[in-house]
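J.: For reference, this is my_file.txt, and it has compact mmCIF, C-alpha atoms.
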```
# COMPACT_ATOMS: atom_id res chain seq x y z
CA MET X 1472 92.18 112.34 107.08
CA ALA X 1473 92.38 115.78 108.71
CA THR X 1474 90.01 114.79 111.51
CA VAL X 1475 91.97 111.63 112.30
CA MET X 1476 95.22 113.60 112.31
CA GLN X 1477 93.69 116.23 114.59
CA LYS X 1478 92.51 113.52 117.00
CA ILE X 1479 96.04 112.06 117.01
CA LYS X 1480 97.53 115.48 117.77
CA ASP X 1481 95.02 116.10 120.58
CA ILE X 1482 95.83 112.75 122.22
CA GLU X 1483 99.61 113.27 121.85
CA ASP X 1484 99.26 116.75 123.41
CA GLU X 1485 97.28 115.33 126.32
CA MET X 1486 99.84 112.55 126.85
CA ALA X 1487 102.67 115.11 126.84
CA LYS X 1488 100.89 117.15 129.54
CA THR X 1489 100.10 114.13 131.73
CA GLN X 1490 102.63 113.29 134.41
CA LYS X 1491 103.76 109.66 134.42
CA ASN X 1492 103.06 107.97 137.76
CA LYS X 1493 100.96 105.14 139.20
CA ALA X 1494 97.90 107.35 139.50
CA THR X 1495 97.94 108.27 135.79
CA ALA X 1496 98.95 104.84 134.40
CA HIS X 1497 95.30 103.87 133.81
CA HIS X 1498 94.57 107.15 131.93
CA LEU X 1499 97.77 106.94 129.83
CA GLY X 1500 97.05 103.30 128.92
CA LEU X 1501 93.63 104.32 127.63
CA LEU X 1502 95.12 107.20 125.59
CA LYS X 1503 97.76 104.87 124.07
CA ALA X 1504 95.04 102.43 123.01
CA LYS X 1505 93.04 105.25 121.37
CA LEU X 1506 96.22 106.44 119.60
CA ALA X 1507 97.03 102.96 118.26
CA LYS X 1508 93.51 102.63 116.81
CA LEU X 1509 93.71 106.04 115.10
CA ARG X 1510 97.10 105.25 113.58
CA ARG X 1511 95.69 102.00 112.23
CA GLU X 1512 93.02 104.10 110.45
CA LEU X 1513 95.80 106.10 108.78
CA LEU X 1514 97.56 102.95 107.61
CA THR X 1515 94.39 101.43 106.10
CA PRO X 1516 92.25 104.43 105.10
CA THR X 1517 88.88 104.15 103.38
CA SER X 1518 88.75 104.53 99.59
CA LYS X 1519 87.87 108.20 100.01
CA GLY X 1520 90.71 108.89 102.46
CA GLY X 1521 93.81 110.81 101.27
CA GLY X 1522 95.53 109.12 98.39
CA GLY X 1523 96.31 105.62 97.23
CA ALA X 1524 99.61 103.83 97.19
CA GLY X 1525 101.14 106.36 94.82
CA GLU X 1526 103.20 105.81 91.66
CA GLY X 1527 106.30 103.72 92.17
CA PHE X 1528 105.37 102.27 95.54
CA ASP X 1529 103.85 98.99 94.32
CA VAL X 1530 107.21 97.25 93.89
CA THR X 1531 107.09 93.55 93.02
CA LYS X 1532 108.97 91.54 95.61
CA SER X 1533 111.80 89.62 94.00
CA GLY X 1534 114.85 87.71 95.13
CA ASP X 1535 115.39 85.98 98.46
CA ALA X 1536 115.05 88.99 100.79
CA ARG X 1537 114.05 92.66 100.70
CA VAL X 1538 116.00 95.45 102.40
CA GLY X 1539 114.62 98.99 102.67
CA LEU X 1540 116.73 102.16 102.88
CA VAL X 1541 114.95 104.69 105.08
CA GLY X 1542 116.16 108.14 106.06
CA PHE X 1543 115.71 111.87 105.93
CA PRO X 1544 116.25 113.56 102.54
CA SER X 1545 119.79 113.89 101.19
CA VAL X 1546 121.56 111.53 103.59
CA GLY X 1547 123.02 109.50 100.70
CA LYS X 1548 120.54 106.63 100.21
CA SER X 1549 120.55 106.94 96.40
CA THR X 1550 124.37 107.05 96.27
CA LEU X 1551 124.52 103.95 98.48
CA LEU X 1552 122.06 102.10 96.23
CA ASN X 1553 124.07 103.08 93.13
CA LYS X 1554 127.34 101.85 94.62
CA LEU X 1555 125.85 98.56 95.88
CA THR X 1556 123.71 97.60 92.91
CA GLY X 1557 124.65 99.72 89.92
CA THR X 1558 120.95 100.64 89.63
CA PHE X 1559 120.35 104.20 88.53
CA SER X 1560 118.68 106.40 91.12
CA GLU X 1561 118.99 110.13 90.52
CA VAL X 1562 121.59 111.69 92.81
CA ALA X 1563 121.68 115.40 93.60
CA SER X 1564 122.70 117.63 96.49
CA TYR X 1565 119.23 119.13 96.92
CA GLU X 1566 116.56 117.55 99.09
CA PHE X 1567 113.69 115.25 97.98
CA THR X 1568 115.39 113.93 94.81
CA THR X 1569 113.83 110.45 94.97
CA LEU X 1570 110.06 110.68 94.60
CA THR X 1571 109.33 107.05 93.78
CA CYS X 1572 110.57 103.76 95.19
CA ILE X 1573 113.66 102.64 93.26
CA PRO X 1574 114.49 98.90 93.44
CA GLY X 1575 117.89 97.30 92.86
CA VAL X 1576 119.29 93.80 93.40
CA ILE X 1577 122.54 92.65 95.02
CA THR X 1578 123.81 89.10 94.60
CA TYR X 1579 125.69 88.23 97.78
CA ARG X 1580 126.86 84.79 98.92
CA GLY X 1581 124.53 83.20 96.40
CA ALA X 1582 121.44 85.11 97.59
CA LYS X 1583 119.59 87.76 95.60
CA ILE X 1584 118.81 90.68 97.92
CA GLN X 1585 116.38 93.34 96.71
CA LEU X 1586 117.27 96.85 97.88
CA LEU X 1587 114.62 99.58 97.95
CA ASP X 1588 115.57 103.25 98.00
CA LEU X 1589 112.51 104.70 99.73
CA PRO X 1590 111.85 108.44 99.38
CA GLY X 1591 113.12 110.62 102.22
CA ILE X 1592 110.97 110.39 105.33
CA ILE X 1593 109.98 113.63 106.98
CA GLU X 1594 108.91 114.12 110.57
CA GLY X 1595 105.18 113.42 110.80
CA ALA X 1596 105.14 110.68 108.13
CA LYS X 1597 103.18 108.39 110.47
CA ASP X 1598 100.45 111.04 110.59
CA GLY X 1599 100.06 111.10 106.82
CA LYS X 1600 102.27 114.10 106.03
CA GLY X 1601 104.11 114.19 102.71
CA ARG X 1602 104.16 110.71 101.19
CA GLY X 1603 105.26 109.15 104.45
CA ARG X 1604 102.35 106.72 104.70
CA GLN X 1605 103.20 105.08 101.35
CA VAL X 1606 106.90 104.96 102.25
CA ILE X 1607 106.30 103.28 105.61
CA SER X 1608 103.71 100.88 104.16
CA THR X 1609 106.40 99.67 101.75
CA ALA X 1610 108.96 99.54 104.57
CA ARG X 1611 106.65 97.07 106.39
CA THR X 1612 107.15 94.53 103.55
CA CYS X 1613 110.95 94.45 104.06
CA ASN X 1614 112.97 91.75 105.86
CA CYS X 1615 115.47 94.29 107.19
CA ILE X 1616 115.58 98.09 107.44
CA LEU X 1617 118.64 100.27 106.93
CA ILE X 1618 118.17 103.63 108.63
CA VAL X 1619 120.65 105.84 106.78
CA LEU X 1620 121.90 108.75 108.88
CA ASP X 1621 124.17 111.65 107.94
CA ALA X 1622 127.23 111.67 110.21
CA ILE X 1623 127.38 115.49 110.14
CA LYS X 1624 123.72 115.97 111.08
CA PRO X 1625 122.31 115.53 114.61
CA ILE X 1626 121.87 111.97 115.83
CA THR X 1627 118.37 113.10 116.92
CA HIS X 1628 117.36 112.16 113.35
CA LYS X 1629 117.74 108.55 114.48
CA ARG X 1630 115.10 108.93 117.19
CA LEU X 1631 112.73 110.87 114.89
CA ILE X 1632 112.81 108.13 112.23
CA GLU X 1633 112.34 105.42 114.88
CA LYS X 1634 109.27 107.29 116.11
CA GLU X 1635 107.84 107.45 112.57
CA LEU X 1636 108.37 103.71 111.99
CA GLU X 1637 107.04 102.75 115.44
CA GLY X 1638 103.94 104.87 114.77
CA PHE X 1639 103.14 102.54 111.88
CA GLY X 1640 103.69 99.37 113.87
CA ILE X 1641 107.29 98.57 112.86
CA ARG X 1642 109.29 97.37 115.88
CA LEU X 1643 113.04 97.59 115.32
CA ASN X 1644 115.44 95.00 116.77
CA LYS X 1645 112.78 93.76 119.20
CA GLU X 1646 111.18 90.40 119.91
CA PRO X 1647 107.36 90.06 120.09
CA PRO X 1648 106.04 90.62 123.65
CA ASN X 1649 106.16 87.48 125.78
CA LEU X 1650 102.54 87.61 126.90
CA THR X 1651 99.45 85.58 126.11
CA PHE X 1652 96.15 87.24 125.15
CA ARG X 1653 93.21 84.92 124.63
CA LYS X 1654 89.67 86.16 123.96
CA LYS X 1655 86.76 84.20 125.43
CA ASP X 1656 82.95 84.37 125.48
CA LYS X 1657 82.37 85.10 129.17
CA GLY X 1658 84.08 85.40 132.56
CA GLY X 1659 85.42 88.96 132.34
CA ILE X 1660 89.09 89.95 132.25
CA ASN X 1661 91.36 87.42 133.96
CA PHE X 1662 94.82 88.99 134.46
CA THR X 1663 97.72 86.87 135.78
CA SER X 1664 101.48 87.33 135.85
CA THR X 1665 104.51 85.19 136.65
CA VAL X 1666 106.58 88.28 137.58
CA THR X 1667 106.15 91.52 139.54
CA ASN X 1668 104.46 94.20 137.41
CA THR X 1669 105.60 97.81 137.59
CA HIS X 1670 103.70 99.07 134.50
CA LEU X 1671 100.38 97.23 134.33
CA ASP X 1672 97.61 96.59 136.85
CA LEU X 1673 94.14 95.09 136.45
CA ASP X 1674 92.43 98.50 136.05
CA THR X 1675 94.80 99.58 133.27
CA VAL X 1676 94.42 96.24 131.49
CA LYS X 1677 90.62 96.49 131.72
CA ALA X 1678 90.68 100.07 130.39
CA ILE X 1679 92.78 99.08 127.36
CA CYS X 1680 90.59 96.03 126.65
CA SER X 1681 87.45 98.14 127.02
CA GLU X 1682 88.76 100.57 124.36
CA TYR X 1683 88.89 97.58 121.98
CA ARG X 1684 85.41 96.44 123.12
CA MET X 1685 86.92 93.29 124.63
CA HIS X 1686 85.33 92.49 127.99
CA ASN X 1687 86.22 88.80 128.30
CA ALA X 1688 89.82 87.62 127.96
CA ASP X 1689 92.63 85.70 129.67
CA ILE X 1690 95.91 87.66 129.80
CA THR X 1691 99.14 86.15 131.12
CA LEU X 1692 102.40 88.09 131.46
CA ARG X 1693 105.79 86.35 131.58
CA TYR X 1694 107.81 89.54 132.03
CA ASP X 1695 107.30 93.15 133.21
CA ALA X 1696 105.22 94.25 130.19
CA THR X 1697 104.08 97.81 129.44
CA ALA X 1698 100.76 99.15 128.16
CA ASP X 1699 102.41 99.49 124.72
CA ASP X 1700 103.29 95.78 124.75
CA LEU X 1701 99.70 94.78 125.54
CA ILE X 1702 98.34 97.10 122.82
CA ASP X 1703 100.80 95.61 120.29
CA VAL X 1704 99.52 92.10 121.03
CA ILE X 1705 95.84 93.16 120.83
CA GLU X 1706 96.44 95.03 117.56
CA GLY X 1707 98.17 91.95 116.16
CA SER X 1708 99.59 93.77 113.12
CA ARG X 1709 103.03 94.67 114.42
CA ILE X 1710 106.09 93.86 112.33
CA TYR X 1711 109.24 92.85 114.24
CA MET X 1712 112.21 93.62 112.04
CA PRO X 1713 116.01 93.75 112.27
CA CYS X 1714 117.47 97.21 111.66
CA ILE X 1715 120.97 98.53 110.93
CA TYR X 1716 121.84 102.19 111.54
CA VAL X 1717 124.05 103.12 108.59
CA ILE X 1718 126.08 106.24 109.45
CA ASN X 1719 127.05 107.76 106.09
CA LYS X 1720 129.60 110.49 105.21
CA ILE X 1721 132.07 109.43 107.91
CA ASP X 1722 134.81 111.02 105.76
CA GLN X 1723 133.44 114.39 106.91
CA ILE X 1724 133.85 113.86 110.68
CA THR X 1725 136.81 113.47 113.04
CA LEU X 1726 138.12 110.21 114.47
CA GLU X 1727 136.96 111.32 117.94
CA GLU X 1728 133.42 111.87 116.64
CA LEU X 1729 133.50 108.46 114.94
CA GLU X 1730 134.49 106.81 118.23
CA ILE X 1731 131.44 108.41 119.92
CA LEU X 1732 129.14 107.08 117.18
CA ASP X 1733 130.80 103.68 117.56
CA LYS X 1734 128.95 103.26 120.88
CA LEU X 1735 125.59 103.02 119.09
CA PRO X 1736 124.13 99.49 118.97
CA HIS X 1737 123.31 97.96 115.54
CA TYR X 1738 125.57 100.52 113.86
CA CYS X 1739 127.67 100.45 110.66
CA PRO X 1740 129.86 103.41 109.58
CA ILE X 1741 130.33 104.00 105.82
CA SER X 1742 131.13 106.57 103.19
CA ALA X 1743 128.97 105.71 100.18
CA HIS X 1744 130.67 108.36 98.00
CA LEU X 1745 134.20 107.06 98.75
CA GLU X 1746 133.01 103.42 99.00
CA TRP X 1747 134.40 103.01 102.54
CA ASN X 1748 133.27 99.89 104.45
CA LEU X 1749 130.62 98.80 101.93
CA ASP X 1750 131.90 95.21 102.34
CA GLY X 1751 131.38 95.56 106.11
CA LEU X 1752 127.82 96.79 105.51
CA LEU X 1753 127.03 93.83 103.22
CA GLU X 1754 128.35 91.42 105.86
CA LYS X 1755 126.15 93.06 108.49
CA ILE X 1756 123.08 92.93 106.21
CA TRP X 1757 123.74 89.20 105.68
CA GLU X 1758 124.08 88.66 109.44
CA TYR X 1759 120.82 90.53 110.21
CA LEU X 1760 118.82 88.80 107.43
CA ASN X 1761 119.91 85.47 108.96
CA LEU X 1762 119.41 83.51 105.73
CA THR X 1763 120.22 79.83 105.27
CA ARG X 1764 121.99 78.55 102.12
CA ILE X 1765 121.20 74.97 101.10
CA TYR X 1766 123.07 73.28 98.26
CA THR X 1767 121.34 70.72 96.06
CA LYS X 1768 122.93 67.39 95.10
CA PRO X 1769 121.48 65.55 92.10
CA LYS X 1770 121.85 61.76 92.34
CA GLY X 1771 125.28 60.59 91.19
CA LEU X 1772 126.59 64.15 90.73
CA ASN X 1773 128.57 66.65 92.82
CA PRO X 1774 126.68 69.30 94.84
CA ASP X 1775 125.83 72.55 93.06
CA TYR X 1776 127.72 75.17 95.09
CA GLU X 1777 127.04 77.96 92.57
CA ASP X 1778 123.28 78.33 93.01
CA PRO X 1779 122.11 77.64 96.59
CA VAL X 1780 118.46 77.46 97.63
CA ILE X 1781 117.92 80.31 100.12
CA LEU X 1782 115.66 79.75 103.15
CA SER X 1783 114.76 82.07 106.01
CA SER X 1784 116.04 81.18 109.48
CA LYS X 1785 112.44 80.61 110.66
CA ARG X 1786 111.43 78.28 107.80
CA ARG X 1787 114.31 75.91 107.08
CA THR X 1788 112.96 72.37 107.28
CA VAL X 1789 113.39 69.85 104.45
CA GLU X 1790 109.71 70.51 103.66
CA ASP X 1791 110.41 74.25 103.26
CA PHE X 1792 113.37 73.35 101.03
CA CYS X 1793 111.15 71.19 98.79
CA ILE X 1794 108.46 73.88 98.51
CA ARG X 1795 111.11 76.47 97.59
CA ILE X 1796 112.27 74.29 94.67
CA HIS X 1797 108.82 73.26 93.42
CA LYS X 1798 105.43 72.96 95.12
CA ASP X 1799 104.81 69.49 93.61
CA MET X 1800 108.07 68.00 94.94
CA LEU X 1801 106.44 67.00 98.25
CA LYS X 1802 104.01 64.69 96.42
CA GLN X 1803 106.98 62.60 95.19
CA PHE X 1804 109.07 62.95 98.36
CA LYS X 1805 110.28 59.68 99.97
CA TYR X 1806 113.17 60.90 102.15
CA ALA X 1807 116.22 63.17 101.97
CA LEU X 1808 119.94 62.63 102.42
CA VAL X 1809 121.69 65.47 104.26
CA TRP X 1810 125.38 66.32 104.56
CA GLY X 1811 126.46 69.21 106.81
CA SER X 1812 126.24 70.60 110.34
CA SER X 1813 122.58 69.51 110.86
CA ALA X 1814 123.42 65.87 110.10
CA LYS X 1815 124.52 63.49 112.88
CA HIS X 1816 126.43 61.38 110.33
CA LYS X 1817 127.31 61.93 106.68
CA PRO X 1818 124.92 61.49 105.01
CA GLN X 1819 121.93 61.28 107.33
CA ARG X 1820 118.60 59.98 106.07
CA VAL X 1821 115.88 62.40 107.23
CA GLY X 1822 112.19 63.19 106.83
CA LYS X 1823 110.34 66.41 105.95
CA ASP X 1824 110.52 67.85 109.48
CA HIS X 1825 114.35 67.83 109.71
CA GLU X 1826 115.74 71.35 110.37
CA LEU X 1827 118.57 72.33 108.04
CA GLU X 1828 121.62 74.48 108.84
CA ASP X 1829 123.51 77.01 106.70
CA GLU X 1830 125.50 75.37 103.85
CA ASP X 1831 123.97 71.91 104.27
CA VAL X 1832 123.88 69.71 101.16
CA VAL X 1833 120.57 67.97 100.40
CA GLN X 1834 119.65 65.17 98.00
CA ILE X 1835 115.92 64.42 97.64
CA ILE X 1836 114.99 60.76 97.07
CA LYS X 1837 111.66 60.44 95.25
CA LYS X 1838 109.09 57.70 95.38
CA VAL X 1839 109.44 55.16 92.58
```
The structure in this file should be written as structure tokens.
T.:
Amino acid sequence: MATVMQKIKDIEDEMAKTQKNKATAHHLGLLKAKLAKLRRELLTPTSKGGGGAGEGFDVTKSGDARVGLVGFPSVGKSTLLNKLTGTFSEVASYEFTTLTCIPGVITYRGAKIQLLDLPGIIEGAKDGKGRGRQVISTARTCNCILIVLDAIKPITHKRLIEKELEGFGIRLNKEPPNLTFRKKDKGGINFTSTVTNTHLDLDTVKAICSEYRMHNADITLRYDATADDLIDVIEGSRIYMPCIYVINKIDQITLEELEILDKLPHYCPISAHLEWNLDGLLEKIWEYLNLTRIYTKPKGLNPDYEDPVILSSKRRTVEDFCIRIHKDMLKQFKYALVWGSSAKHKPQRVGKDHELEDEDVVQIIKKV
């Protein structure tokens, strides 16, 4: 572990000393590729390498979505979890109170949302310091991240936490890079682009590919991609996740200071202790999770509006709906009747591929 961490530090020091210009782009691209590979080693160490998952970090995923609370020590994550879920998580004014991952569940708009209070992240977590590696590994399993920040502490904490999460391959509020990388058996590196490139050239692309021992590939860019974007696609293990910056303890700052913070994107001001704007935070969590509620309608009965089936925005076909209810339902499936915004008429007879919308009503017709 120490040798990997030392290599990471050496590369980061060299990158900090290197001026950024066209002449050094090739060298910096190579260093970034080396850095990404070393950080992957930290995330998936060998059995001998520094520590397992650690007590309390193997939390069973339950409910319809998982939200992780990440932040520096003593910013109010445990208080927020207590107020939102009623789950006990020890609260104290000294730092590093929470040493294990405490789960709680919120029921909101018919969905069960699991909330994880992850132990305070310290600077250097991505390099294996403290218990940061276990914390961030758990954060990668979430559907949304809440970065909890103390309104009376420097906003630089925001950037430090982002750096820790990015170091472990978590990309916040970003879409996957719009580029194609296809390995092949021969023909060398074929690099094409539909736009003007200001960050990547053929030499830099070849250097990055060479670091991964890839000497034959077709790469197509559809936008002005960076070396980091190319490395993310080659690594293939990046998690693209929505994130809300929860600014806590707003009762301790002035209105003028609050207005400055209000300019941050993806931001939600709260006071967990005084329970200010917790409803607003729940609404924002719901918006960022982008879940779809589908109501079931048994034949001859009214729809069940109390217990919706919850689907993700990316998997919301009738087939996904059937699988969510029971894996054997597809074997008996004949067609479905749909009422709601996805239906052209009420009801519409549809097949398994029909995409459902939030608050649709579905009745499954089985084979006789």
J.: Let me know the centre plus edge lengths, in Å and rounded to one decimal, of a box with edges along x, y and z that contains all listed atoms of segment 1743-1761 of chain X and is padded by 6 Å on every side, as JSON.
T.:
```
{"center_x": 126.6, "center_y": 96.9, "center_z": 104.1, "size_x": 27.6, "size_y": 34.9, "size_z": 24.2}
```
J.: Fewer than 4 positions away in the same chain doesn't count, so skip those; otherwise give me all residues within 8 Å of Thr1691 of chain X, counting all atoms listed in the file, as number ranges by chain.
T.: X: 1650-1652, 1662-1665
J.: Fewer than 6 positions away in the same chain doesn't count, so skip those; otherwise give me all residues within 8 Å of Asn1719 of chain X, counting only C-alpha atoms, as an MDAnalysis selection string.
T.: chainID X and resid 1546:1547 1619:1622 1740:1743
J.: Between X:Cys1680, X:Met1712, X:Ile1794, X:Leu1586, which residue has the minimum interatomic distance to Pro1647 of chain X, considering all atoms listed in the file?
T.: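 Smallest distance to Pro1647 of chain X is found for X:Met1712.
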J.: To one decimal place, how far is atom CA of Lys1548 of chain X from atom CA of Glu1754 of chain X in Å?
T.: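 Answer for the atom CA of Lys1548 of chain X to atom CA of Glu1754 of chain X separation: 18.0 Å.
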